[in-house]
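Next comes my_file32.txt, a file with compact mmCIF, C-alpha atoms and all ligand atoms.
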# COMPACT_ATOMS: atom_id res chain seq x y z
CA MET P 26 0.00 0.00 0.00
CA SER P 27 2.68 2.37 1.01
CA ASN P 28 4.42 1.44 -2.21
CA ILE P 29 1.34 2.36 -4.23
CA VAL P 30 1.06 5.70 -2.44
CA ARG P 31 4.69 6.33 -3.09
CA GLU P 32 4.27 5.42 -6.74
CA ASN P 33 1.13 7.60 -7.00
CA ARG P 34 2.99 10.52 -5.49
CA GLY P 35 5.77 9.91 -7.91
CA PHE P 36 3.37 9.88 -10.83
CA ILE P 37 1.69 13.12 -9.70
CA PHE P 38 5.11 14.67 -9.19
CA SER P 39 6.24 13.67 -12.70
CA THR P 40 3.08 15.11 -14.31
CA ASP P 41 3.55 18.39 -12.44
CA LEU P 42 7.14 18.48 -13.43
CA LEU P 43 6.30 17.72 -17.02
CA LEU P 44 3.68 20.49 -17.12
CA ALA P 45 6.07 22.92 -15.48
CA LEU P 46 8.78 21.96 -17.94
CA ILE P 47 6.42 22.53 -20.87
CA VAL P 48 5.47 25.98 -19.52
CA VAL P 49 9.11 26.83 -18.91
CA SER P 50 10.14 25.69 -22.38
CA ILE P 51 7.33 27.73 -23.96
CA ILE P 52 8.46 30.78 -21.99
CA LEU P 53 12.08 30.11 -22.86
CA GLY P 54 11.18 29.56 -26.52
CA LEU P 55 9.21 32.77 -26.63
CA SER P 56 11.96 34.67 -24.87
CA ALA P 57 14.54 33.28 -27.27
CA GLU P 58 12.39 34.43 -30.15
CA ILE P 59 11.97 37.86 -28.58
CA VAL P 60 15.69 38.06 -27.91
CA ASP P 61 16.36 36.98 -31.51
CA THR P 62 14.05 39.66 -32.87
CA ILE P 63 15.53 42.34 -30.63
CA SER P 64 19.07 41.35 -31.52
CA TYR P 65 18.15 41.34 -35.23
CA LYS P 66 16.61 44.76 -34.83
CA MET P 67 19.66 46.00 -32.96
CA GLN P 68 21.95 44.56 -35.60
CA ASN P 69 19.86 46.27 -38.24
CA TYR P 70 19.90 49.49 -36.28
CA GLY P 71 23.64 49.11 -35.84
CA SER P 72 24.29 48.46 -39.54
CA ARG P 73 21.92 51.28 -40.54
CA ASN P 74 23.79 53.56 -38.15
CA SER P 75 27.18 52.53 -39.42
CA LEU P 76 25.95 52.80 -43.04
CA GLU P 77 24.67 56.32 -42.31
CA ARG P 78 27.98 57.21 -40.74
CA LEU P 79 29.97 55.76 -43.65
CA ALA P 80 27.83 57.56 -46.24
CA HIS P 81 27.96 60.96 -44.48
CA GLU P 82 31.66 60.77 -43.65
CA GLY P 83 32.45 59.51 -47.16
CA ALA P 84 30.51 62.37 -48.77
CA ASP P 85 32.24 64.89 -46.49
CA ILE P 86 35.71 63.63 -47.42
CA LEU P 87 34.83 63.64 -51.12
CA ILE P 88 33.48 67.20 -51.22
CA LYS P 89 35.72 68.87 -48.60
CA SER P 90 39.10 67.31 -49.33
CA PRO P 91 41.26 67.44 -52.46
CA GLY P 92 42.27 63.82 -51.74
CA SER P 93 45.71 62.46 -50.97
CA PRO P 94 48.08 63.16 -52.57
CA ASP P 95 46.24 66.34 -53.63
CA ASN P 96 47.12 65.70 -57.29
CA TRP P 97 45.85 62.08 -57.12
CA GLU P 98 43.89 62.57 -60.35
CA GLU P 99 47.19 62.67 -62.25
CA LEU P 100 48.54 59.48 -60.61
CA ASN P 101 48.16 55.73 -61.03
CA GLU P 102 45.90 53.79 -58.67
CA GLY P 103 48.81 52.40 -56.58
CA GLU P 104 49.95 55.94 -55.73
CA ILE P 105 46.51 57.14 -54.58
CA LYS P 106 45.89 57.12 -50.81
CA TYR P 107 42.29 58.30 -51.02
CA PRO P 108 40.28 60.42 -53.47
CA GLY P 109 38.74 63.84 -52.81
CA LEU P 110 36.99 66.09 -55.31
CA SER P 111 37.67 69.52 -53.82
CA SER P 112 39.42 71.85 -56.25
CA LEU P 113 42.71 73.40 -55.15
CA ASP P 114 43.58 77.09 -55.29
CA ASN P 115 46.92 78.05 -56.76
CA ASP P 116 48.48 77.99 -53.28
CA HIS P 117 47.19 74.39 -52.86
CA SER P 118 44.65 75.31 -50.19
CA PRO P 119 41.14 74.00 -50.86
CA PRO P 120 38.74 76.91 -51.53
CA LYS P 121 35.69 77.51 -49.35
CA GLY P 122 32.22 76.72 -50.65
CA HIS P 123 32.92 73.15 -51.75
CA LEU P 124 34.18 73.88 -55.23
CA LEU P 125 34.64 70.50 -56.92
CA SER P 126 37.22 69.87 -59.62
CA TYR P 127 35.85 68.60 -62.93
CA LYS P 128 39.21 66.90 -63.62
CA LYS P 129 38.98 64.97 -60.35
CA ILE P 130 35.37 64.04 -61.09
CA LEU P 131 36.38 62.65 -64.51
CA LYS P 132 39.24 60.64 -62.96
CA LEU P 133 36.97 59.17 -60.23
CA LYS P 134 34.40 58.26 -62.91
CA LYS P 135 37.07 56.56 -65.03
CA ASP P 136 38.69 54.56 -62.21
CA TYR P 137 35.77 54.22 -59.77
CA GLU P 138 36.02 50.40 -59.53
CA LYS P 139 39.71 50.59 -58.59
CA ILE P 140 39.41 53.50 -56.15
CA ILE P 141 36.11 53.16 -54.20
CA PRO P 142 34.95 49.53 -53.55
CA GLY P 143 37.10 47.78 -50.93
CA ASN P 144 39.28 50.88 -50.52
CA PHE P 145 37.45 54.12 -49.86
CA PHE P 146 34.30 52.24 -48.77
CA PRO P 147 34.30 48.66 -47.38
CA GLY P 148 33.60 45.96 -49.97
CA TYR P 149 30.11 45.27 -48.55
CA VAL P 150 28.92 48.83 -49.29
CA ASP P 151 27.21 49.46 -52.60
CA CYS P 152 27.11 53.04 -53.74
CA SER P 153 26.04 55.61 -56.37
CA MET P 154 27.55 59.07 -56.85
CA ILE P 155 25.87 61.56 -59.17
CA ILE P 156 26.33 65.33 -59.47
CA TYR P 157 23.24 67.20 -60.68
CA PRO P 158 23.88 70.72 -62.08
CA LEU P 159 21.09 73.20 -61.29
CA ASP P 160 21.40 74.44 -64.91
CA LYS P 161 19.21 71.91 -66.69
CA THR P 162 20.97 72.42 -70.04
CA LEU P 163 23.86 70.43 -68.51
CA ASP P 164 23.61 66.66 -68.10
CA PRO P 165 24.12 65.08 -64.64
CA LEU P 166 27.71 64.00 -64.01
CA VAL P 167 27.39 60.29 -63.25
CA ILE P 168 30.53 59.15 -61.40
CA TYR P 169 28.98 55.73 -60.72
CA ASP P 170 25.39 54.50 -60.73
CA SER P 171 24.97 51.10 -59.05
CA PRO P 172 22.19 48.97 -60.62
CA HIS P 173 21.82 47.02 -57.32
CA LEU P 174 20.88 49.90 -55.03
CA SER P 175 17.23 49.95 -56.09
CA VAL P 176 16.75 46.39 -54.77
CA SER P 177 18.78 46.94 -51.61
CA ASN P 178 16.89 46.83 -48.26
CA GLU P 179 18.30 50.00 -46.82
CA VAL P 180 19.58 52.95 -48.83
CA VAL P 181 21.09 56.02 -47.19
CA VAL P 182 20.95 59.17 -49.33
CA VAL P 183 23.28 62.13 -48.73
CA ASN P 184 22.59 65.32 -50.71
CA ARG P 185 25.03 68.25 -50.53
CA SER P 186 25.11 71.62 -52.30
CA VAL P 187 28.40 72.10 -54.13
CA LEU P 188 29.96 74.08 -56.96
CA CYS P 189 31.71 72.47 -59.90
CA ASP P 190 34.45 74.26 -61.81
CA TYR P 191 33.78 72.31 -65.06
CA ARG P 192 36.27 73.73 -67.59
CA SER P 193 36.23 77.31 -66.22
CA GLN P 194 40.01 77.23 -65.77
CA GLY P 195 40.33 76.84 -69.55
CA CYS P 196 38.51 80.14 -70.24
CA LEU P 197 41.20 82.50 -71.57
CA LEU P 198 38.88 85.36 -72.46
CA TYR P 199 35.30 86.10 -71.46
CA LEU P 200 33.15 88.97 -72.71
CA ASN P 201 29.53 89.67 -71.88
CA ILE P 202 28.53 92.32 -74.40
CA ARG P 203 25.45 94.43 -73.80
CA PRO P 204 24.13 97.51 -75.60
CA ASP P 205 25.74 99.70 -72.90
CA SER P 206 29.16 98.05 -73.38
CA LEU P 207 30.34 101.06 -75.39
CA ASN P 208 29.92 103.27 -72.33
CA SER P 209 31.77 100.90 -70.04
CA GLU P 210 35.39 102.00 -69.77
CA SER P 211 36.66 98.69 -68.39
CA ILE P 212 35.94 97.01 -71.72
CA PHE P 213 38.67 99.15 -73.36
CA LEU P 214 41.34 98.31 -70.79
CA GLU P 215 43.60 96.81 -73.42
CA LYS P 216 44.82 99.36 -75.91
CA CYS P 217 44.28 98.16 -79.44
CA HIS P 218 47.04 98.40 -82.06
CA GLN P 219 44.55 98.82 -84.92
CA LEU P 220 44.48 102.58 -85.26
CA ASP P 221 40.87 102.90 -86.40
CA HIS P 222 39.41 100.69 -83.64
CA GLY P 223 39.35 103.32 -80.91
CA ILE P 224 37.32 105.67 -83.09
CA GLU P 225 33.57 105.46 -83.56
CA ASN P 226 32.90 105.01 -87.21
CA GLY P 227 29.33 105.86 -88.19
CA GLU P 228 27.23 102.77 -87.61
CA GLU P 229 29.84 100.47 -86.07
CA TYR P 230 32.39 100.29 -83.29
CA TRP P 231 34.96 97.83 -81.93
CA ILE P 232 35.53 96.06 -78.67
CA CYS P 233 39.12 94.74 -78.50
CA ARG P 234 40.55 92.43 -75.87
CA ASN P 235 43.66 90.28 -75.65
CA PHE P 236 44.41 86.86 -74.21
CA ARG P 237 47.61 84.98 -73.52
CA ILE P 238 48.56 81.43 -74.40
CA ASN P 239 51.37 79.54 -72.71
CA ARG P 240 53.34 77.89 -75.50
CA SER P 241 53.89 74.69 -73.49
CA GLN P 242 50.10 74.16 -73.49
CA MET P 243 49.76 74.40 -77.27
CA LYS P 244 50.88 70.91 -78.22
CA ASN P 245 48.16 69.02 -76.34
CA HIS P 246 45.37 71.64 -76.30
CA SER P 247 42.91 73.05 -78.81
CA TYR P 248 41.49 76.59 -78.84
CA TYR P 249 37.94 77.62 -79.69
CA LEU P 250 35.94 80.81 -80.10
CA ILE P 251 32.55 80.22 -78.51
CA SER P 252 29.66 82.67 -78.76
CA THR P 253 25.99 82.66 -77.86
CA SER P 254 23.54 82.84 -80.76
CA ASN P 255 22.97 86.62 -80.57
CA ALA P 256 26.55 87.20 -81.71
CA ALA P 257 25.80 85.88 -85.20
CA GLN P 258 25.14 89.39 -86.56
CA PHE P 259 28.64 90.65 -85.63
CA GLN P 260 32.17 90.12 -86.97
CA TRP P 261 35.56 89.42 -85.48
CA ILE P 262 39.26 89.64 -86.32
CA MET P 263 42.08 87.80 -84.55
CA ASP P 264 45.67 88.98 -84.78
CA GLN P 265 48.76 90.05 -82.85
CA SER P 266 50.12 93.59 -82.43
CA CYS P 267 53.20 92.65 -84.46
CA ASN P 268 51.15 90.74 -87.01
CA LYS P 269 48.06 92.76 -87.88
CA SER P 270 45.11 91.35 -89.77
CA ASN P 271 42.01 92.82 -91.40
CA ASN P 272 40.40 89.47 -92.07
CA ARG P 273 36.83 89.98 -90.82
CA ARG P 274 34.85 86.83 -90.08
CA GLU P 275 31.32 86.09 -88.92
CA PHE P 276 30.41 84.44 -85.64
CA THR P 277 28.51 81.17 -85.92
CA ASN P 278 26.36 79.16 -83.53
CA ASN P 279 29.03 76.44 -83.46
CA PRO P 280 32.40 76.70 -81.72
CA LEU P 281 35.10 77.91 -84.13
CA LYS P 282 38.45 76.16 -83.90
CA LEU P 283 41.30 78.69 -83.65
CA ASP P 284 44.25 76.26 -83.79
CA GLY P 285 45.06 77.18 -87.42
CA ASP P 286 44.97 80.94 -86.73
CA ILE P 287 47.11 80.55 -83.63
CA LYS P 288 49.66 78.41 -85.44
CA SER P 289 49.99 80.81 -88.36
CA LEU P 290 50.22 83.92 -86.12
CA SER P 291 52.53 82.37 -83.52
CA ASN P 292 56.11 83.64 -83.13
CA ASN P 293 57.46 80.74 -81.07
CA MET P 294 57.57 82.80 -77.90
CA ASP P 295 57.03 81.18 -74.44
CA TYR P 296 53.90 83.29 -74.05
CA GLU P 297 51.94 84.58 -77.02
CA VAL P 298 49.48 87.48 -76.78
CA PHE P 299 46.59 87.47 -79.26
CA PHE P 300 43.95 90.14 -79.85
CA LEU P 301 40.29 89.53 -80.53
CA HIS P 302 38.60 92.54 -82.14
CA ILE P 303 34.81 92.43 -82.19
CA ASN P 304 32.93 94.65 -84.61
CA LEU P 305 29.50 95.76 -83.36
CA LYS P 306 26.68 97.53 -85.12
CA LYS P 307 25.36 100.50 -83.19
CA GLY P 308 21.92 100.20 -81.65
CA PHE P 309 21.95 96.40 -81.31
CA SER P 310 19.63 94.91 -78.72
CA GLY P 311 20.04 91.98 -76.35
CA SER P 312 23.29 90.76 -74.86
CA PHE P 313 25.67 87.98 -75.86
CA GLU P 314 28.71 86.17 -74.58
CA ILE P 315 32.01 85.50 -76.28
CA MET P 316 34.73 83.20 -74.98
CA VAL P 317 38.11 82.00 -76.09
CA VAL P 318 38.77 78.65 -74.45
CA GLU P 319 41.66 76.22 -74.10
CA VAL P 320 40.70 72.54 -73.82
CA PRO P 321 42.54 69.20 -74.03
CA ILE P 322 42.67 68.01 -77.65
CA ASP P 323 40.29 65.07 -77.04
CA THR P 324 37.50 67.21 -75.47
CA PRO P 325 34.09 66.09 -76.82
CA LEU P 326 32.25 68.70 -78.94
CA LYS P 327 29.24 68.67 -76.58
CA GLU P 328 31.46 70.18 -73.86
CA LEU P 329 32.24 73.20 -76.04
CA LYS P 330 29.37 75.36 -74.85
CA SER P 331 29.52 78.43 -72.65
CA GLU P 332 27.96 76.71 -69.61
CA PHE P 333 30.99 74.40 -69.43
CA PHE P 334 33.34 77.32 -68.90
CA LYS P 335 31.58 78.74 -65.85
CA ILE P 336 31.51 77.57 -62.24
CA GLN P 337 28.14 75.87 -61.81
CA PRO P 338 26.05 75.25 -58.66
CA CYS P 339 25.18 71.55 -58.33
CA ASN P 340 23.85 68.91 -55.93
CA PHE P 341 26.23 66.10 -55.04
CA VAL P 342 24.11 63.02 -54.29
CA LEU P 343 25.65 59.92 -52.72
CA LYS P 344 23.50 56.82 -52.15
CA ALA P 345 24.82 53.89 -50.14
CA GLY P 346 23.39 50.45 -49.31
CA ILE P 347 24.62 47.07 -48.05
CA LYS P 348 25.34 44.55 -50.80
CA ASN P 349 22.93 41.59 -50.76
ZN ZN H 1 40.98 96.29 -82.09

Take the structure in the file and write it out as structure tokens.
Amino acid sequence: MSNIVRENRGFIFSTDLLLALIVVSIILGLSAEIVDTISYKMQNYGSRNSLERLAHEGADILIKSPGSPDNWEELNEGEIKYPGLSSLDNDHSPPKGHLLSYKKILKLKKDYEKIIPGNFFPGYVDCSMIIYPLDKTLDPLVIYDSPHLSVSNEVVVVNRSVLCDYRSQGCLLYLNIRPDSLNSESIFLEKCHQLDHGIENGEEYWICRNFRINRSQMKNHSYYLISTSNAAQFQWIMDQSCNKSNNRREFTNNPLKLDGDIKSLSNNMDYEVFFLHINLKKGFSGSFEIMVVEVPIDTPLKELKSEFFKIQPCNFVLKAGIKN
């Protein structure tokens, strides 16, 4: 009898224990699941945070620093410590206002795969970098556009206001001619060697300016006369003070290559000074721009428009995500 009681007690005890164990396991299971979810969320939060940090810090370095060495765009990939797009002043100090260098942008676009993934950003970060000029006549400058970002879970977007120098450093002469230009004394700063140009002559007058070309640049650069469409009704002459010309030519809507003129006028000096004389009809209306520009020989024709030779306000947009 006592045995039976003992066994009964044992049986009751085991059932209780079993029930308790089930409850405990359910609680433990639930807790584990909760812990799992929380830890996943924290991991996600952590990776989102570190992705945000990477994207913001990366964008800051790119737009505020000229990179290291600061002429990295002229070097091979092995010599580049890190890239930066900030343009340098002549004294090698980066200018304020986040002025980006078009040359550096072109180099980063060309060698993006060698410079950014696994170097500037960790290999697991996927990224797009596009510069959008506010002037809609200019195309966006796509440094790199990742096709995978649109399917990525998390994408951090950094958008910064910047300036881009484009090819403004290649502008040797810039004139903005308005009907009141004749009254503006500054336009006649350079004295013209053509005797009749300083004198008003009935229905026409001249605006004469000079520009200088460094001979060492001539062999791998081309020179163009660029004008906006309103200039088509006027004429121009190019010459040198020691080599006068009366060859009047019309402006056109397309850039005019000056390499032939420069070659035939040139005196093999280290620096050559050329004059551009612009003949205007009195009483013209509207304003127009004229530029003489120096560009690398292989510059595409679509870059030979006046907007490319001015500093342009842009938005630098960096998108970053984790690779799947
Ligand atoms: Zn003149």

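Where the distance criterion is 9 Å and the atoms used are all atoms listed in the file, the residues close to ligand ZN 1 (chain H) are Lys216, Cys217, His218, Gln219, Leu220, Asp221, His222, Gly223, Trp231, Ile232, Cys233, Arg234, Ile262, Met263, Phe300, Leu301, His302, Ile303 and Asn304 of chain P.
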
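The nearest approach to Leu281 in chain P among the residues P:Ala257, P:Val183, P:Ile251, P:Val298, with all atoms listed in the file taken into account, belongs to P:Ile251.
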
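Summary of the local environment: counting all atoms listed in the file, residues at most 9 Å from Ser126 in chain P, other than itself and those fewer than 6 positions away along its chain, are P:Pro91, P:Leu110, P:Ser111, P:Ser112, P:Leu113, P:Leu188, P:Cys189, P:Asp190, P:Tyr191, P:Arg192.
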
Quick one: write out the picked residues with C-alpha atoms as a PDB file, in the coordinates of the input?
ATOM      1  CA  PRO P  91      41.260  67.440 -52.460  1.00  0.00           C
ATOM      2  CA  LEU P 110      36.990  66.090 -55.310  1.00  0.00           C
ATOM      3  CA  SER P 111      37.670  69.520 -53.820  1.00  0.00           C
ATOM      4  CA  SER P 112      39.420  71.850 -56.250  1.00  0.00           C
ATOM      5  CA  LEU P 113      42.710  73.400 -55.150  1.00  0.00           C
ATOM      6  CA  LEU P 188      29.960  74.080 -56.960  1.00  0.00           C
ATOM      7  CA  CYS P 189      31.710  72.470 -59.900  1.00  0.00           C
ATOM      8  CA  ASP P 190      34.450  74.260 -61.810  1.00  0.00           C
ATOM      9  CA  TYR P 191      33.780  72.310 -65.060  1.00  0.00           C
ATOM     10  CA  ARG P 192      36.270  73.730 -67.590  1.00  0.00           C
TER      11      ARG P 192
END

Need the neighbours of (29.4, 77.1, -69.9): which residues are at most 10 Å away, counting all atoms listed in the file, as a PyMOL selection string? chain P and resi 160+162-163+190-193+196+251+316+328-337

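Note that CA of Asn292 in chain P and CA of Trp261 in chain P are 21.5 Å apart.
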
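Picture a line from CA of Glu297 in chain P to CA of Arg240 in chain P; it runs 7.0 Å.
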
Residues within 8 Å of range 134-141 of chain P, all atoms listed in the file, excluding chain neighbours under 6 positions, as a list of chain:residue names: P:Glu102, P:Tyr107, P:Pro108, P:Val167, P:Ile168, P:Tyr169

How would the residues just chosen look if you wrote them out with C-alpha atoms as a short mmCIF file (atom, residue, chain, number, x, y, z; two decimals), in the frame of the given file?
data_model
loop_
_atom_site.label_atom_id
_atom_site.label_comp_id
_atom_site.auth_asym_id
_atom_site.auth_seq_id
_atom_site.Cartn_x
_atom_site.Cartn_y
_atom_site.Cartn_z
CA GLU P 102 45.90 53.79 -58.67
CA TYR P 107 42.29 58.30 -51.02
CA PRO P 108 40.28 60.42 -53.47
CA VAL P 167 27.39 60.29 -63.25
CA ILE P 168 30.53 59.15 -61.40
CA TYR P 169 28.98 55.73 -60.72
#

Hey, can I get the axis-aligned box for range 183-199 of chain P? All listed atoms, 3 Å padding on each side, centre and edge lengths in Å to one decimal, as AutoDock Vina command-line options.
--center_x 31.9 --center_y 74.1 --center_z -60.6 --size_x 24.6 --size_y 30.0 --size_z 29.7

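With only the atoms specified (only C-alpha atoms) counting, those residues at most 9 Å away from (19.5, 92.0, -78.0) are Arg203, Pro204, Asn255, Phe309, Ser310, Gly311, Ser312 and Phe313 of chain P.
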
Spatial neighbours of Cys152 in chain P, max dist 7 Å, all atoms listed in the file, sep filter under 3 positions, as a ChimeraX atom specification: /P:171,344-346

Go ahead and write the selection's residues with C-alpha atoms as a PDB file, keeping the file's coordinate frame.
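Just written: selection_6.pdb:
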ATOM      1  CA  SER P 171      24.970  51.100 -59.050  1.00  0.00           C
ATOM      2  CA  LYS P 344      23.500  56.820 -52.150  1.00  0.00           C
ATOM      3  CA  ALA P 345      24.820  53.890 -50.140  1.00  0.00           C
ATOM      4  CA  GLY P 346      23.390  50.450 -49.310  1.00  0.00           C
TER       5      GLY P 346
END

Atom pair CA of His123 in chain P / CA of Glu314 in chain P: separation (Å): 26.6 Å
